[in-house]
Amino acid sequence: MIITSEQVLQALGNVEEPDLKKDLVTLNMIQDIKIDGNKLSFSVILTTPACPLKGLIENACRNAISHFISKDIEVSINMTSQVTTQKNTGVPGVKNIIAVASGKGGVGKSTVAANLALGLAQKGAKVGLIDADIYGPSVPIMFGLEGARPMASQVNGKTRIEPIEKYGIKLLSIGFFTDPNQPVPWRGPMVSTAVKQLFNDADWGELDYLVVDLPPGTGDIHITVTQSFPVTGAVIVTTPQNVALADARKGIGMFMMDAINVPVLGVIENMSYFTPAELPENKYYIFGQGGGQKLAEQIEAPFLGEIPLVRSISESGDAGQPVVLQDNNPMTAAFLNIAERVAQQVAICNAGISNKTN
């Protein structure tokens, strides 16, 4: 039988992108159709390499060709991606800025930010990480870069900071420019200027996602970042107990203020339960249960996942090798799944679709 490109597009017009609620042809996600006898190949352009629905979409395409054209066609599908962006982030080459925030300290926000950035990179995205926690920078320790100093280069007559590259992502931290043994007694204007320099004076190159680890609370740095740069969305990190949830609500309220208006991509519950290494099937909810899920439901935002309290997570960060890099660690899958869900929510926001689902 003779197959035409029109037939292929008509068949694939029956395949819906589950998140964007439109068919692949309307979304212009089908490209490079090639037909050779009964052999058919084409590319599906996903909105992110970290798409958690990649396998589902590919199977739906194969079924559509089989059902609407012929079962005898040999189908080859190239599942590729082009990360979407909604607006100019204010940082040349950067498509999306993702803020990682918490209402209070001690909930593991920096650990989540580091593993989220690395998880996105492992899924094939180009990623940068800014450690904007002026008063307690963690990136130098978590990436084994204590004492590291970024290089500077001249670009069009201007001095540009070269982010340090490690584990496949680009990194900048205020900790690269300060003495780790000395406090940083900076007032508001100095803090704002320093944070802006991490964005504006750095040569980030082309990035799909720039993850920003914000300090705890709702202070000068949060206002500086959200009002100086169009942030795609914020990820909220909390632990299950009520005192953490109460502070997390305040952080969420800040992002929802009219003057800031940053979409909340979802909630991550850290330290959800304790699992001893010798009893990996046991879960002990020592800080309470389901708090993060309930918080997400209350603000009508997605619940992005839970991370257990496991010793290897903190040990790997202290050793300068975040846990998501470890192939044989069960926590790797948890962080990779969260990275996929965050990328999914970014794509939904960029498409202008409400993310008020769980």
# chains A, B, ... in the order shown; residues from 1 in each chain; ligands from 1
call {"tool": "select_by_dssp", "arguments": {"residues": "region 28-108 of chain A", "states": "strand (DSSP E or B)", "output": "VMD selection string"}}
result
chain A and resid 30 to 36 39 to 46 74 to 81 94 97 to 101
call {"tool": "write_last_selection", "arguments": {"atoms": "N, CA and C atoms", "output": "mmCIF file, in the first residue's frame"}}
result
data_model
loop_
_atom_site.group_PDB
_atom_site.id
_atom_site.type_symbol
_atom_site.label_atom_id
_atom_site.label_comp_id
_atom_site.auth_asym_id
_atom_site.auth_seq_id
_atom_site.Cartn_x
_atom_site.Cartn_y
_atom_site.Cartn_z
ATOM 1 N N ILE A 30 5.003 16.873 15.624
ATOM 2 C CA ILE A 30 5.385 15.835 14.670
ATOM 3 C C ILE A 30 6.223 16.453 13.560
ATOM 4 N N GLN A 31 7.426 15.956 13.374
ATOM 5 C CA GLN A 31 8.325 16.491 12.347
ATOM 6 C C GLN A 31 9.094 15.362 11.682
ATOM 7 N N ASP A 32 9.736 15.711 10.568
ATOM 8 C CA ASP A 32 10.660 14.807 9.853
ATOM 9 C C ASP A 32 10.000 13.488 9.442
ATOM 10 N N ILE A 33 8.819 13.560 8.865
ATOM 11 C CA ILE A 33 8.144 12.340 8.387
ATOM 12 C C ILE A 33 8.861 11.826 7.144
ATOM 13 N N LYS A 34 9.248 10.565 7.183
ATOM 14 C CA LYS A 34 9.908 9.926 6.038
ATOM 15 C C LYS A 34 9.243 8.589 5.768
ATOM 16 N N ILE A 35 8.949 8.355 4.490
ATOM 17 C CA ILE A 35 8.245 7.130 4.093
ATOM 18 C C ILE A 35 9.055 6.418 3.025
ATOM 19 N N ASP A 36 9.293 5.147 3.231
ATOM 20 C CA ASP A 36 10.013 4.316 2.258
ATOM 21 C C ASP A 36 9.296 2.975 2.171
ATOM 22 N N LYS A 39 7.904 1.321 5.290
ATOM 23 C CA LYS A 39 8.692 1.810 6.427
ATOM 24 C C LYS A 39 8.395 3.286 6.656
ATOM 25 N N LEU A 40 8.073 3.612 7.909
ATOM 26 C CA LEU A 40 7.721 4.978 8.277
ATOM 27 C C LEU A 40 8.571 5.431 9.455
ATOM 28 N N SER A 41 9.111 6.639 9.358
ATOM 29 C CA SER A 41 9.839 7.216 10.492
ATOM 30 C C SER A 41 9.416 8.675 10.663
ATOM 31 N N PHE A 42 9.409 9.128 11.891
ATOM 32 C CA PHE A 42 9.116 10.529 12.189
ATOM 33 C C PHE A 42 9.631 10.856 13.577
ATOM 34 N N SER A 43 9.694 12.151 13.876
ATOM 35 C CA SER A 43 10.158 12.612 15.181
ATOM 36 C C SER A 43 8.996 13.198 15.961
ATOM 37 N N VAL A 44 8.999 12.938 17.258
ATOM 38 C CA VAL A 44 8.056 13.576 18.178
ATOM 39 C C VAL A 44 8.857 14.550 19.043
ATOM 40 N N ILE A 45 8.526 15.847 18.946
ATOM 41 C CA ILE A 45 9.259 16.882 19.664
ATOM 42 C C ILE A 45 8.555 17.150 20.994
ATOM 43 N N LEU A 46 9.063 16.585 22.062
ATOM 44 C CA LEU A 46 8.474 16.776 23.386
ATOM 45 C C LEU A 46 8.859 18.135 23.949
ATOM 46 N N GLU A 74 6.202 -0.692 9.314
ATOM 47 C CA GLU A 74 7.335 -0.681 10.238
ATOM 48 C C GLU A 74 7.550 0.768 10.688
ATOM 49 N N VAL A 75 7.338 1.016 11.973
ATOM 50 C CA VAL A 75 7.369 2.385 12.477
ATOM 51 C C VAL A 75 8.626 2.616 13.318
ATOM 52 N N SER A 76 9.346 3.682 12.969
ATOM 53 C CA SER A 76 10.508 4.106 13.761
ATOM 54 C C SER A 76 10.250 5.534 14.246
ATOM 55 N N ILE A 77 10.272 5.712 15.566
ATOM 56 C CA ILE A 77 9.956 7.017 16.137
ATOM 57 C C ILE A 77 11.162 7.564 16.890
ATOM 58 N N ASN A 78 11.550 8.776 16.543
ATOM 59 C CA ASN A 78 12.630 9.462 17.247
ATOM 60 C C ASN A 78 12.013 10.387 18.281
ATOM 61 N N MET A 79 12.092 9.989 19.554
ATOM 62 C CA MET A 79 11.532 10.802 20.641
ATOM 63 C C MET A 79 12.592 11.809 21.084
ATOM 64 N N THR A 80 12.412 13.052 20.663
ATOM 65 C CA THR A 80 13.376 14.088 21.004
ATOM 66 C C THR A 80 12.638 15.215 21.727
ATOM 67 N N SER A 81 13.298 16.346 21.943
ATOM 68 C CA SER A 81 12.644 17.403 22.725
ATOM 69 C C SER A 81 13.203 18.768 22.389
ATOM 70 N N VAL A 94 18.980 31.627 28.834
ATOM 71 C CA VAL A 94 18.283 30.809 29.833
ATOM 72 C C VAL A 94 16.792 30.780 29.512
ATOM 73 N N ILE A 97 13.614 29.803 34.635
ATOM 74 C CA ILE A 97 14.176 29.946 35.974
ATOM 75 C C ILE A 97 13.229 29.267 36.956
ATOM 76 N N ILE A 98 13.762 28.322 37.719
ATOM 77 C CA ILE A 98 12.965 27.586 38.709
ATOM 78 C C ILE A 98 13.480 27.923 40.097
ATOM 79 N N ALA A 99 12.635 28.537 40.911
ATOM 80 C CA ALA A 99 13.016 28.877 42.284
ATOM 81 C C ALA A 99 12.659 27.724 43.210
ATOM 82 N N VAL A 100 13.594 27.358 44.070
ATOM 83 C CA VAL A 100 13.345 26.338 45.094
ATOM 84 C C VAL A 100 13.350 27.040 46.439
ATOM 85 N N ALA A 101 12.215 26.970 47.144
ATOM 86 C CA ALA A 101 12.046 27.767 48.357
ATOM 87 C C ALA A 101 11.465 26.941 49.490
#
call {"tool": "residues_around", "arguments": {"residues": "region 258-266 of chain A", "least_positions_apart": "5", "cutoff": "6 Å", "atoms": "only C-alpha atoms", "output": "ChimeraX atom specification"}}
result
/A:233-235,301-304,345
call {"tool": "residues_around", "arguments": {"residues": "Thr111 (chain A)", "least_positions_apart": "4", "cutoff": "10 Å", "atoms": "only C-alpha atoms", "output": "PDB file with C-alpha atoms, in the first residue's frame"}}
result
ATOM      1  CA  VAL A 107      13.886  21.105  55.744  1.00  0.00           C
ATOM      2  CA  ASN A 115      19.413  16.810  43.316  1.00  0.00           C
ATOM      3  CA  LEU A 116      16.636  18.413  41.256  1.00  0.00           C
ATOM      4  CA  SER A 138      25.654  24.872  50.595  1.00  0.00           C
ATOM      5  CA  VAL A 139      26.691  24.246  46.989  1.00  0.00           C
ATOM      6  CA  MET A 142      27.507  19.483  48.312  1.00  0.00           C
ATOM      7  CA  ASP A 213      18.257  27.719  45.702  1.00  0.00           C
ATOM      8  CA  ASN A 270      11.211  15.981  52.428  1.00  0.00           C
ATOM      9  CA  ILE A 313      21.140  11.395  51.228  1.00  0.00           C
ATOM     10  CA  SER A 314      22.920  13.557  53.801  1.00  0.00           C
ATOM     11  CA  SER A 316      26.349  11.901  49.837  1.00  0.00           C
ATOM     12  CA  GLY A 317      25.831  15.664  50.093  1.00  0.00           C
ATOM     13  CA  PRO A 322      24.626  14.249  45.635  1.00  0.00           C
ATOM     14  CA  VAL A 323      22.673  11.028  45.916  1.00  0.00           C
TER      15      VAL A 323
END
call {"tool": "closest_residue", "arguments": {"among": "A:Thr224, A:Gly305, A:Ile268, A:Asp208", "to": "Ala194 (chain A)", "atoms": "only C-alpha atoms"}}
result
A:Thr224
call {"tool": "residues_around", "arguments": {"residues": "Tyr273 (chain A)", "least_positions_apart": "5", "cutoff": "8 Å", "atoms": "only C-alpha atoms", "output": "JSON, numbers by chain"}}
result
{"A": [283, 284, 285, 286, 287, 289, 307, 308, 309]}
call {"tool": "write_last_selection", "arguments": {"atoms": "C-alpha atoms", "output": "PDB file, in the first residue's frame"}}
result
ATOM      1  CA  LYS A 283       8.445   3.234  57.113  1.00  0.00           C
ATOM      2  CA  TYR A 284       8.382   5.222  60.342  1.00  0.00           C
ATOM      3  CA  TYR A 285       6.523   8.536  60.099  1.00  0.00           C
ATOM      4  CA  ILE A 286       8.441  10.294  62.843  1.00  0.00           C
ATOM      5  CA  PHE A 287       7.464  13.840  61.744  1.00  0.00           C
ATOM      6  CA  GLN A 289       2.228  11.838  57.746  1.00  0.00           C
ATOM      7  CA  ILE A 307      11.679  12.037  49.931  1.00  0.00           C
ATOM      8  CA  PRO A 308      12.331   9.773  52.936  1.00  0.00           C
ATOM      9  CA  LEU A 309      14.764  10.481  55.743  1.00  0.00           C
TER      10      LEU A 309
END
call {"tool": "decode", "arguments": {"residues": "region 209-274 of chain A", "atoms": "C-alpha atoms", "output": "PDB file, in the first residue's frame"}}
result
ATOM      1  CA  TYR A 209      16.601  25.333  33.319  1.00  0.00           C
ATOM      2  CA  LEU A 210      18.332  27.577  35.835  1.00  0.00           C
ATOM      3  CA  VAL A 211      17.522  26.275  39.320  1.00  0.00           C
ATOM      4  CA  VAL A 212      17.797  28.863  42.102  1.00  0.00           C
ATOM      5  CA  ASP A 213      18.257  27.719  45.702  1.00  0.00           C
ATOM      6  CA  LEU A 214      16.675  30.550  47.692  1.00  0.00           C
ATOM      7  CA  PRO A 215      17.307  31.165  51.401  1.00  0.00           C
ATOM      8  CA  PRO A 216      14.643  30.089  53.905  1.00  0.00           C
ATOM      9  CA  GLY A 217      11.848  32.519  54.645  1.00  0.00           C
ATOM     10  CA  THR A 218      10.564  35.494  52.659  1.00  0.00           C
ATOM     11  CA  GLY A 219      13.230  38.189  52.613  1.00  0.00           C
ATOM     12  CA  ASP A 220      15.190  40.582  50.412  1.00  0.00           C
ATOM     13  CA  ILE A 221      16.654  37.887  48.189  1.00  0.00           C
ATOM     14  CA  HIS A 222      13.250  36.439  47.318  1.00  0.00           C
ATOM     15  CA  ILE A 223      11.924  39.862  46.359  1.00  0.00           C
ATOM     16  CA  THR A 224      15.067  40.712  44.388  1.00  0.00           C
ATOM     17  CA  VAL A 225      14.986  37.497  42.353  1.00  0.00           C
ATOM     18  CA  THR A 226      11.240  37.425  41.672  1.00  0.00           C
ATOM     19  CA  GLN A 227      10.981  41.121  40.769  1.00  0.00           C
ATOM     20  CA  SER A 228      14.225  41.333  38.766  1.00  0.00           C
ATOM     21  CA  PHE A 229      13.789  38.160  36.707  1.00  0.00           C
ATOM     22  CA  PRO A 230      10.622  36.527  35.289  1.00  0.00           C
ATOM     23  CA  VAL A 231      10.691  33.279  37.268  1.00  0.00           C
ATOM     24  CA  THR A 232       8.880  30.441  35.491  1.00  0.00           C
ATOM     25  CA  GLY A 233       7.705  28.877  38.741  1.00  0.00           C
ATOM     26  CA  ALA A 234       8.544  28.003  42.339  1.00  0.00           C
ATOM     27  CA  VAL A 235       8.975  24.626  43.995  1.00  0.00           C
ATOM     28  CA  ILE A 236       8.109  24.551  47.696  1.00  0.00           C
ATOM     29  CA  VAL A 237      10.015  22.194  50.016  1.00  0.00           C
ATOM     30  CA  THR A 238       8.560  21.247  53.390  1.00  0.00           C
ATOM     31  CA  THR A 239       8.627  18.500  55.979  1.00  0.00           C
ATOM     32  CA  PRO A 240       5.409  16.859  57.262  1.00  0.00           C
ATOM     33  CA  GLN A 241       5.105  18.504  60.682  1.00  0.00           C
ATOM     34  CA  ASN A 242       2.740  21.413  61.276  1.00  0.00           C
ATOM     35  CA  VAL A 243       5.398  23.961  62.204  1.00  0.00           C
ATOM     36  CA  ALA A 244       7.116  23.492  58.822  1.00  0.00           C
ATOM     37  CA  LEU A 245       3.806  23.518  56.957  1.00  0.00           C
ATOM     38  CA  ALA A 246       2.761  26.788  58.612  1.00  0.00           C
ATOM     39  CA  ASP A 247       5.951  28.477  57.417  1.00  0.00           C
ATOM     40  CA  ALA A 248       5.643  26.895  53.976  1.00  0.00           C
ATOM     41  CA  ARG A 249       2.201  28.491  53.618  1.00  0.00           C
ATOM     42  CA  LYS A 250       3.773  31.897  54.233  1.00  0.00           C
ATOM     43  CA  GLY A 251       6.326  31.233  51.506  1.00  0.00           C
ATOM     44  CA  ILE A 252       3.575  30.177  49.118  1.00  0.00           C
ATOM     45  CA  GLY A 253       1.599  33.294  50.024  1.00  0.00           C
ATOM     46  CA  MET A 254       4.581  35.454  49.060  1.00  0.00           C
ATOM     47  CA  PHE A 255       4.799  33.933  45.581  1.00  0.00           C
ATOM     48  CA  MET A 256       1.057  34.469  45.122  1.00  0.00           C
ATOM     49  CA  MET A 257       1.202  38.184  46.016  1.00  0.00           C
ATOM     50  CA  ASP A 258       0.138  40.466  43.162  1.00  0.00           C
ATOM     51  CA  ALA A 259       3.500  42.237  43.217  1.00  0.00           C
ATOM     52  CA  ILE A 260       5.345  38.929  42.732  1.00  0.00           C
ATOM     53  CA  ASN A 261       2.860  36.562  41.044  1.00  0.00           C
ATOM     54  CA  VAL A 262       5.074  33.516  40.502  1.00  0.00           C
ATOM     55  CA  PRO A 263       3.266  30.224  39.749  1.00  0.00           C
ATOM     56  CA  VAL A 264       3.774  27.467  42.313  1.00  0.00           C
ATOM     57  CA  LEU A 265       4.896  24.395  40.375  1.00  0.00           C
ATOM     58  CA  GLY A 266       4.186  22.128  43.325  1.00  0.00           C
ATOM     59  CA  VAL A 267       5.143  20.886  46.763  1.00  0.00           C
ATOM     60  CA  ILE A 268       7.894  18.426  47.695  1.00  0.00           C
ATOM     61  CA  GLU A 269       7.745  16.739  51.091  1.00  0.00           C
ATOM     62  CA  ASN A 270      11.211  15.981  52.428  1.00  0.00           C
ATOM     63  CA  MET A 271      11.981  13.699  55.404  1.00  0.00           C
ATOM     64  CA  SER A 272       8.569  12.098  54.867  1.00  0.00           C
ATOM     65  CA  TYR A 273       9.422   8.963  56.803  1.00  0.00           C
ATOM     66  CA  PHE A 274      12.427   7.121  58.182  1.00  0.00           C
TER      67      PHE A 274
END
